[in-house]
Structure formats: structure tokens, C-alpha cells
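Engineer: Take a look at this one; I'll ask things after.
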Amino acid sequence: MNGDDRFQTWLNRVCERPLPASPMARVRTLAKELAEGAIAEHWDTGVFRIFRDQRIPTDPTLEAYLAARWQNQPPALHLLVSNGYLTTVEGGPPLLVVDRAAFELLEETEPANIFISYKRSESSAFALLVLARLKLAGLEAFLDLALEPGEDWQAGLRTRIQAYDYLVLLLGRETLRSDVVLQEIRWALEAGLAIIPVWHNGFQYRSADWSLPADLDHVLSTRHTIRVLEESALAYNSAIVELLNRFGVAP
């Protein structure tokens with residue numbers, strides 16, 4: 001994979017993460033992703049030139065990131081400076097440099113609320129394992145077994161999905177025959193959740209095999225997918241580790 005492809009793969013993955021609503025959380029997100037891009041060598045640690053009170057990106061890949069991720073309206077850079085995420089370096093062309101505090105954010109678990117969607121008859125054991133591992137990592141995850149007795153399950157599921165950031169979608173061979181799962185995907189799309197498909201039990205999605213609405217087909221055809229490559233404990237563990245990495249957890 002060449003440098004351009006590697007950057008685009010990274011950028012696509014980053015853009016799948018929902019942006020937080022809190023202004024301070026958005027500042028932290030920008031700082032963390034500037035450090036992440038520097039670690040991945042998509043740009044240098046000197047990220048912005050200072051010229052006549054303007055902050056100019058030092059690298060075309062950084063410009064592409066700001067356009068795709070923030071629509072060129074990122075949090076104000078002076079907030080990153082005042083919080084210690086960027087440092088002004090003089091002596092030569094003045095630069096804003098990613099500071100240690102931004103790199104330390106990479107060690108933190110990404111705050112995330114996660115809804116696990118699955119078909120009970122096919123993925124119950126896997127869903128319980130995913131739930132346990134996410135909670136062990138300090139992430140907030142929900143499985144429908146947590147619904148209260150007597151609760152209107154459809155209203156309960158929809159309300160929870162609307163309040164969450166991610167939908168982890170466990171897909172086996174028969175999962176997409178479940179009207180409940182299809183409805184959960186639709187609710188997640190309406191609410192703007194990031195959707196992470198996880199294929200297991202030999203499942204592979206091909207549009208021609210399913211007569212799904214265009215919006216659902218697009219999600220299942222284009223989202224970055226985690227795959228359980230074989231029916232073994234090692235393969236399931238590898239898939240869960242990849243899922244944890246998606247949330248900034250390094251087991």
C-alpha cells in the first residue's frame with residue numbers, strides 16, 4: 001500500500017468516528033487526531049505555520065484531514081495552545097507543534113457509547129463476549145438483555161440507539177433476515193451513529209445476495225468491516241482486539 005492509499009485508509013477510519021457535541025471534547029478530539037496523524041507519519045509534528053496571524057497547515061495531507069473531518073471548521077487553535085496540546089516554536093518560521101499533552105491523549109480510551117446489534121439465534125454467545133470485553137475496557141456498551149421487564153422493546157431500543165455513538169453490528173449468515181436487526185440499522189443511520197460491522201460464522205456481504213433498501217446496502221457495502229476469519233477462539237479474539245483498537249484500547 002503506497003503512502004496515499006495508507007493515508008486515505010486512515011482518514012476513512014477517522015471520519016467514521018462521530019464528532020462529540022461538547023466544545024471541549026471537540027478540542028481534545030482534534031488534538032488527539034493531530035498526534036495520531038503524526039505518529040502514523042501522515043504529517044510532521046510541526047502542524048501549522050504562523051504567518052500574519054494566520055495558521056496555515058504545513059502538509060497537504062493535514063489540509064485533506066481538516067477538510068474531510070472538520071469541513072475546514074476545526075476548533076480554534078488557540079484553545080489547543082491554551083490547553084497545552086500545541087506549542088508555539090520560534091527561531092525560524094514560527095510553528096505550532098504537537099505537544100506531549102496531545103500524544104498522552106492517545107493512551108486514553110476513546111469515550112464511546114456502544115449499542116450491540118445481533119440476531120439472538122445466531123450470535124448470542126458472541127454478543128455476550130463482545131459485551132464483556134467492551135465493559136472490561138471501561139466502555140459503555142448495551143445489549144438488549146438489559147431492557148427492563150415490561151418495557152416497550154421497540155421504543156426502548158430506538159431511544160437507546162438515538163443516545164449512543166456507535167452501532168456494533170454482529171453479522172452471521174442469517175442475521176440480515178431479522179427485521180429487528182434491519183430496523184436497528186435504520187434507526188442508527190437516522191441518528192447518525194458510526195456503524196461497525198463484524199462478520200462471523202462464515203458471513204460475507206454481497207449486494208446480489210440480498211434485496212435490501214439502498215441505504216442499508218450502502219452501509220453494508222462500504223463500511224470498514226472487522227472479520228472473524230475462521231471459527232476458532234483465536235480468530236474471535238483477534239476480531240475483538242481489532243474492535244477494541246477501534247475505540248483506542250490496546251489490550
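Just so we're on the same page: first chain in the C-alpha cells is A, next is B, and so on; residues restart at 1 for each chain, and ligands are numbered from 1 in the order they show up.
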Which parts of segment 68-158 of chain A does DSSP call strand (DSSP E or B) when run on the backbone here, written out as a list in words?
Structural biologist: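 DSSP on the backbone gives strand (DSSP E or B) at Leu86, Thr87, Thr88, Val89, Leu95, Leu96, Val97, Val98, Asn113, Ile114, Phe115, Ile116, Ser117, Glu140, Ala141 and Phe142 of chain A.
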Engineer: Could you list, as a list of chain:residue names, every residue within 6 Å of segment 57-64 of chain A, counting only C-alpha atoms and ignoring same-chain residues fewer than 2 positions away?
Structural biologist: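 Listed by chain and then number, they are A:Val47, A:Phe48, A:Leu66, A:Ala67.
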Engineer: Suppose we keep N, CA and C atoms; can you now write the selection as a PDB file, in the first residue's frame?
Structural biologist:
ATOM      1  N   VAL A  47       2.656  21.295  12.844  1.00  0.00           N
ATOM      2  CA  VAL A  47       1.453  21.124  12.032  1.00  0.00           C
ATOM      3  C   VAL A  47       0.931  22.405  11.373  1.00  0.00           C
ATOM      4  N   PHE A  48       1.243  23.566  11.969  1.00  0.00           N
ATOM      5  CA  PHE A  48       0.748  24.824  11.392  1.00  0.00           C
ATOM      6  C   PHE A  48       1.866  25.864  11.391  1.00  0.00           C
ATOM      7  N   LEU A  66      -8.340  18.120   7.554  1.00  0.00           N
ATOM      8  CA  LEU A  66      -9.186  19.200   8.069  1.00  0.00           C
ATOM      9  C   LEU A  66     -10.431  19.387   7.209  1.00  0.00           C
ATOM     10  N   ALA A  67     -10.294  19.197   5.918  1.00  0.00           N
ATOM     11  CA  ALA A  67     -11.446  19.340   5.022  1.00  0.00           C
ATOM     12  C   ALA A  67     -12.433  18.198   5.208  1.00  0.00           C
TER      13      ALA A  67
END
Engineer: Please provide as a PyMOL selection string all residues within 10 Å of His42 of chain A, with the sequence filter that same-chain residues fewer than 3 positions apart are discarded (counting only C-alpha atoms).
Structural biologist: chain A and resi 3-4+6-8+10-11+34+36-39+45+59-62+65
Engineer: Save out the residues we just selected, N, CA and C atoms, as a compact mmCIF listing (two decimals), in the first residue's frame.
Structural biologist:
# COMPACT_ATOMS: atom_id res chain seq x y z
N GLY A 3 1.82 5.49 0.10
CA GLY A 3 1.53 6.47 1.13
C GLY A 3 0.15 7.09 1.00
N ASP A 4 -0.27 7.39 -0.23
CA ASP A 4 -1.59 7.99 -0.44
C ASP A 4 -2.70 7.05 -0.02
N ARG A 6 -2.46 4.58 2.10
CA ARG A 6 -2.39 4.39 3.55
C ARG A 6 -3.04 5.56 4.28
N PHE A 7 -2.78 6.77 3.79
CA PHE A 7 -3.41 7.94 4.40
C PHE A 7 -4.92 7.90 4.20
N GLN A 8 -5.38 7.55 3.01
CA GLN A 8 -6.82 7.54 2.76
C GLN A 8 -7.52 6.50 3.62
N TRP A 10 -6.52 5.51 6.58
CA TRP A 10 -6.54 6.10 7.92
C TRP A 10 -7.61 7.17 8.03
N LEU A 11 -7.70 8.04 7.04
CA LEU A 11 -8.67 9.13 7.06
C LEU A 11 -10.10 8.59 7.06
N LEU A 34 -4.48 15.03 15.66
CA LEU A 34 -3.23 15.61 15.16
C LEU A 34 -2.04 14.78 15.60
N GLU A 36 -2.22 11.57 16.46
CA GLU A 36 -2.36 10.27 15.80
C GLU A 36 -1.80 10.32 14.39
N GLY A 37 -2.11 11.39 13.67
CA GLY A 37 -1.59 11.54 12.31
C GLY A 37 -0.08 11.68 12.28
N ALA A 38 0.48 12.37 13.29
CA ALA A 38 1.94 12.50 13.36
C ALA A 38 2.59 11.15 13.66
N ILE A 39 2.00 10.38 14.59
CA ILE A 39 2.54 9.05 14.91
C ILE A 39 2.52 8.16 13.68
N THR A 45 5.31 16.78 13.19
CA THR A 45 4.75 17.32 14.44
C THR A 45 4.55 18.82 14.38
N ASP A 59 1.18 20.67 5.70
CA ASP A 59 1.24 19.47 4.86
C ASP A 59 -0.08 19.29 4.12
N PRO A 60 -0.05 18.89 2.84
CA PRO A 60 -1.31 18.66 2.09
C PRO A 60 -2.20 17.59 2.73
N THR A 61 -1.60 16.58 3.35
CA THR A 61 -2.43 15.55 3.99
C THR A 61 -3.18 16.13 5.19
N LEU A 62 -2.55 17.07 5.90
CA LEU A 62 -3.23 17.73 7.01
C LEU A 62 -4.39 18.58 6.49
N TYR A 65 -7.17 16.21 5.75
CA TYR A 65 -7.81 15.79 7.00
C TYR A 65 -8.78 16.86 7.51
Engineer: Which one is closest to Leu193 of chain A: A:Ile161, A:Arg69, A:Leu129, A:Leu170? Count only C-alpha atoms.
Structural biologist: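 Looking at the shortest contact to Leu193 of chain A, the residue is A:Ile161.
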Engineer: Which residue is closest to Ala141 of chain A? Choose from A:Tyr85, A:Phe126, A:Phe115, A:Tyr166 and count only C-alpha atoms.
Structural biologist: A:Phe115
Engineer: Quick one: of A:Ala194, A:Leu243, A:Pro18, A:Arg206, who's nearest to Leu131 of chain A, counting only C-alpha atoms?
Structural biologist: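 Closest to Leu131 of chain A of all the choices is A:Leu243.
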Engineer: Using only C-alpha atoms, pick whichever of A:Ala188, A:Ala31, A:Leu19, A:Val14 has the shortest atom-to-atom distance to Leu106 of chain A.
Structural biologist: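 The shortest atom-to-atom distance to Leu106 of chain A comes from A:Ala31.
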Engineer: From a DSSP calculation on the backbone, collect every residue of segment 5-73 of chain A in helix (DSSP H, G or I) and output the set as a ChimeraX atom specification.
Structural biologist: /A:5-15,23-39,60-70
Engineer: Output N, CA and C atoms of each residue in that selection to a file, as a JSON list (two decimals), in the first residue's frame.
Structural biologist:
[["chain", "number", "residue", "atom", "x", "y", "z"],
["A", 5, "ASP", "N", -2.58, 5.78, -0.39],
["A", 5, "ASP", "CA", -3.60, 4.80, -0.01],
["A", 5, "ASP", "C", -3.63, 4.60, 1.50],
["A", 6, "ARG", "N", -2.46, 4.58, 2.10],
["A", 6, "ARG", "CA", -2.39, 4.39, 3.55],
["A", 6, "ARG", "C", -3.04, 5.56, 4.28],
["A", 7, "PHE", "N", -2.78, 6.77, 3.79],
["A", 7, "PHE", "CA", -3.41, 7.94, 4.40],
["A", 7, "PHE", "C", -4.92, 7.90, 4.20],
["A", 8, "GLN", "N", -5.38, 7.55, 3.01],
["A", 8, "GLN", "CA", -6.82, 7.54, 2.76],
["A", 8, "GLN", "C", -7.52, 6.50, 3.62],
["A", 9, "THR", "N", -6.89, 5.34, 3.81],
["A", 9, "THR", "CA", -7.46, 4.32, 4.69],
["A", 9, "THR", "C", -7.58, 4.85, 6.11],
["A", 10, "TRP", "N", -6.52, 5.51, 6.58],
["A", 10, "TRP", "CA", -6.54, 6.10, 7.92],
["A", 10, "TRP", "C", -7.61, 7.17, 8.03],
["A", 11, "LEU", "N", -7.70, 8.04, 7.04],
["A", 11, "LEU", "CA", -8.67, 9.13, 7.06],
["A", 11, "LEU", "C", -10.10, 8.59, 7.06],
["A", 12, "ASN", "N", -10.36, 7.58, 6.25],
["A", 12, "ASN", "CA", -11.70, 6.99, 6.22],
["A", 12, "ASN", "C", -12.08, 6.45, 7.59],
["A", 13, "ARG", "N", -11.12, 5.79, 8.25],
["A", 13, "ARG", "CA", -11.39, 5.22, 9.57],
["A", 13, "ARG", "C", -11.66, 6.33, 10.60],
["A", 14, "VAL", "N", -10.88, 7.39, 10.54],
["A", 14, "VAL", "CA", -11.07, 8.50, 11.47],
["A", 14, "VAL", "C", -12.43, 9.17, 11.24],
["A", 15, "CYS", "N", -12.80, 9.36, 9.99],
["A", 15, "CYS", "CA", -14.05, 10.06, 9.68],
["A", 15, "CYS", "C", -15.29, 9.24, 10.05],
["A", 23, "PRO", "N", -17.94, 21.34, 23.13],
["A", 23, "PRO", "CA", -16.81, 22.10, 22.55],
["A", 23, "PRO", "C", -15.45, 21.65, 23.07],
["A", 24, "MET", "N", -15.34, 21.39, 24.36],
["A", 24, "MET", "CA", -14.05, 20.96, 24.90],
["A", 24, "MET", "C", -13.68, 19.57, 24.41],
["A", 25, "ALA", "N", -14.67, 18.70, 24.28],
["A", 25, "ALA", "CA", -14.40, 17.36, 23.75],
["A", 25, "ALA", "C", -13.93, 17.44, 22.30],
["A", 26, "ARG", "N", -14.44, 18.41, 21.55],
["A", 26, "ARG", "CA", -14.01, 18.58, 20.16],
["A", 26, "ARG", "C", -12.55, 19.07, 20.11],
["A", 27, "VAL", "N", -12.17, 19.92, 21.04],
["A", 27, "VAL", "CA", -10.78, 20.36, 21.13],
["A", 27, "VAL", "C", -9.87, 19.16, 21.39],
["A", 28, "ARG", "N", -10.25, 18.31, 22.33],
["A", 28, "ARG", "CA", -9.47, 17.12, 22.65],
["A", 28, "ARG", "C", -9.39, 16.17, 21.45],
["A", 29, "THR", "N", -10.51, 16.05, 20.73],
["A", 29, "THR", "CA", -10.53, 15.17, 19.56],
["A", 29, "THR", "C", -9.55, 15.66, 18.50],
["A", 30, "LEU", "N", -9.55, 16.96, 18.23],
["A", 30, "LEU", "CA", -8.62, 17.50, 17.24],
["A", 30, "LEU", "C", -7.18, 17.28, 17.69],
["A", 31, "ALA", "N", -6.89, 17.57, 18.96],
["A", 31, "ALA", "CA", -5.53, 17.39, 19.47],
["A", 31, "ALA", "C", -5.09, 15.94, 19.35],
["A", 32, "LYS", "N", -5.97, 15.03, 19.72],
["A", 32, "LYS", "CA", -5.65, 13.60, 19.67],
["A", 32, "LYS", "C", -5.39, 13.14, 18.24],
["A", 33, "GLU", "N", -6.20, 13.61, 17.30],
["A", 33, "GLU", "CA", -6.04, 13.16, 15.92],
["A", 33, "GLU", "C", -4.84, 13.82, 15.24],
["A", 34, "LEU", "N", -4.48, 15.03, 15.66],
["A", 34, "LEU", "CA", -3.23, 15.61, 15.16],
["A", 34, "LEU", "C", -2.04, 14.78, 15.60],
["A", 35, "ALA", "N", -2.07, 14.33, 16.87],
["A", 35, "ALA", "CA", -1.00, 13.47, 17.37],
["A", 35, "ALA", "C", -1.03, 12.11, 16.68],
["A", 36, "GLU", "N", -2.22, 11.57, 16.46],
["A", 36, "GLU", "CA", -2.36, 10.27, 15.80],
["A", 36, "GLU", "C", -1.80, 10.32, 14.39],
["A", 37, "GLY", "N", -2.11, 11.39, 13.67],
["A", 37, "GLY", "CA", -1.59, 11.54, 12.31],
["A", 37, "GLY", "C", -0.08, 11.68, 12.28],
["A", 38, "ALA", "N", 0.48, 12.37, 13.29],
["A", 38, "ALA", "CA", 1.94, 12.50, 13.36],
["A", 38, "ALA", "C", 2.59, 11.15, 13.66],
["A", 39, "ILE", "N", 2.00, 10.38, 14.59],
["A", 39, "ILE", "CA", 2.54, 9.05, 14.91],
["A", 39, "ILE", "C", 2.52, 8.16, 13.68],
["A", 60, "PRO", "N", -0.05, 18.89, 2.84],
["A", 60, "PRO", "CA", -1.31, 18.66, 2.09],
["A", 60, "PRO", "C", -2.20, 17.59, 2.73],
["A", 61, "THR", "N", -1.60, 16.58, 3.35],
["A", 61, "THR", "CA", -2.43, 15.55, 3.99],
["A", 61, "THR", "C", -3.18, 16.13, 5.19],
["A", 62, "LEU", "N", -2.55, 17.07, 5.90],
["A", 62, "LEU", "CA", -3.23, 17.73, 7.01],
["A", 62, "LEU", "C", -4.39, 18.58, 6.49],
["A", 63, "GLU", "N", -4.18, 19.25, 5.37],
["A", 63, "GLU", "CA", -5.27, 20.01, 4.75],
["A", 63, "GLU", "C", -6.42, 19.08, 4.38],
["A", 64, "ALA", "N", -6.11, 17.91, 3.82],
["A", 64, "ALA", "CA", -7.14, 16.95, 3.44],
["A", 64, "ALA", "C", -7.90, 16.46, 4.67],
["A", 65, "TYR", "N", -7.17, 16.21, 5.75],
["A", 65, "TYR", "CA", -7.81, 15.79, 7.00],
["A", 65, "TYR", "C", -8.78, 16.86, 7.51],
["A", 66, "LEU", "N", -8.34, 18.12, 7.55],
["A", 66, "LEU", "CA", -9.19, 19.20, 8.07],
["A", 66, "LEU", "C", -10.43, 19.39, 7.21],
["A", 67, "ALA", "N", -10.29, 19.20, 5.92],
["A", 67, "ALA", "CA", -11.45, 19.34, 5.02],
["A", 67, "ALA", "C", -12.43, 18.20, 5.21],
["A", 68, "ALA", "N", -11.93, 16.97, 5.25],
["A", 68, "ALA", "CA", -12.82, 15.80, 5.33],
["A", 68, "ALA", "C", -13.43, 15.64, 6.71],
["A", 69, "ARG", "N", -12.64, 15.84, 7.74],
["A", 69, "ARG", "CA", -13.08, 15.58, 9.11],
["A", 69, "ARG", "C", -13.85, 16.75, 9.71],
["A", 70, "TRP", "N", -13.41, 17.99, 9.40],
["A", 70, "TRP", "CA", -13.97, 19.17, 10.06],
["A", 70, "TRP", "C", -14.62, 20.15, 9.09]]
Engineer: How many Å lie between atom CA of Ser221 of chain A and atom CA of Asn237 of chain A, rounded to one decimal?
Structural biologist: 24.1 Å
Engineer: Would you pick out the contacts of segment 176-181 of chain A at 10 Å or less, using only C-alpha atoms, so that residues sharing its chain but fewer than 2 positions from it are not included, and give the list as a list in words?
Structural biologist: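 Returned residues: Ser117, Tyr118, Lys119, Arg120, Gln154, Leu157, Leu169, Leu170, Leu171, Gly172, Arg173, Glu174, Gln183, Glu184, Ile185, Arg186, Trp187, Tyr205, Trp210 and Leu212 of chain A.
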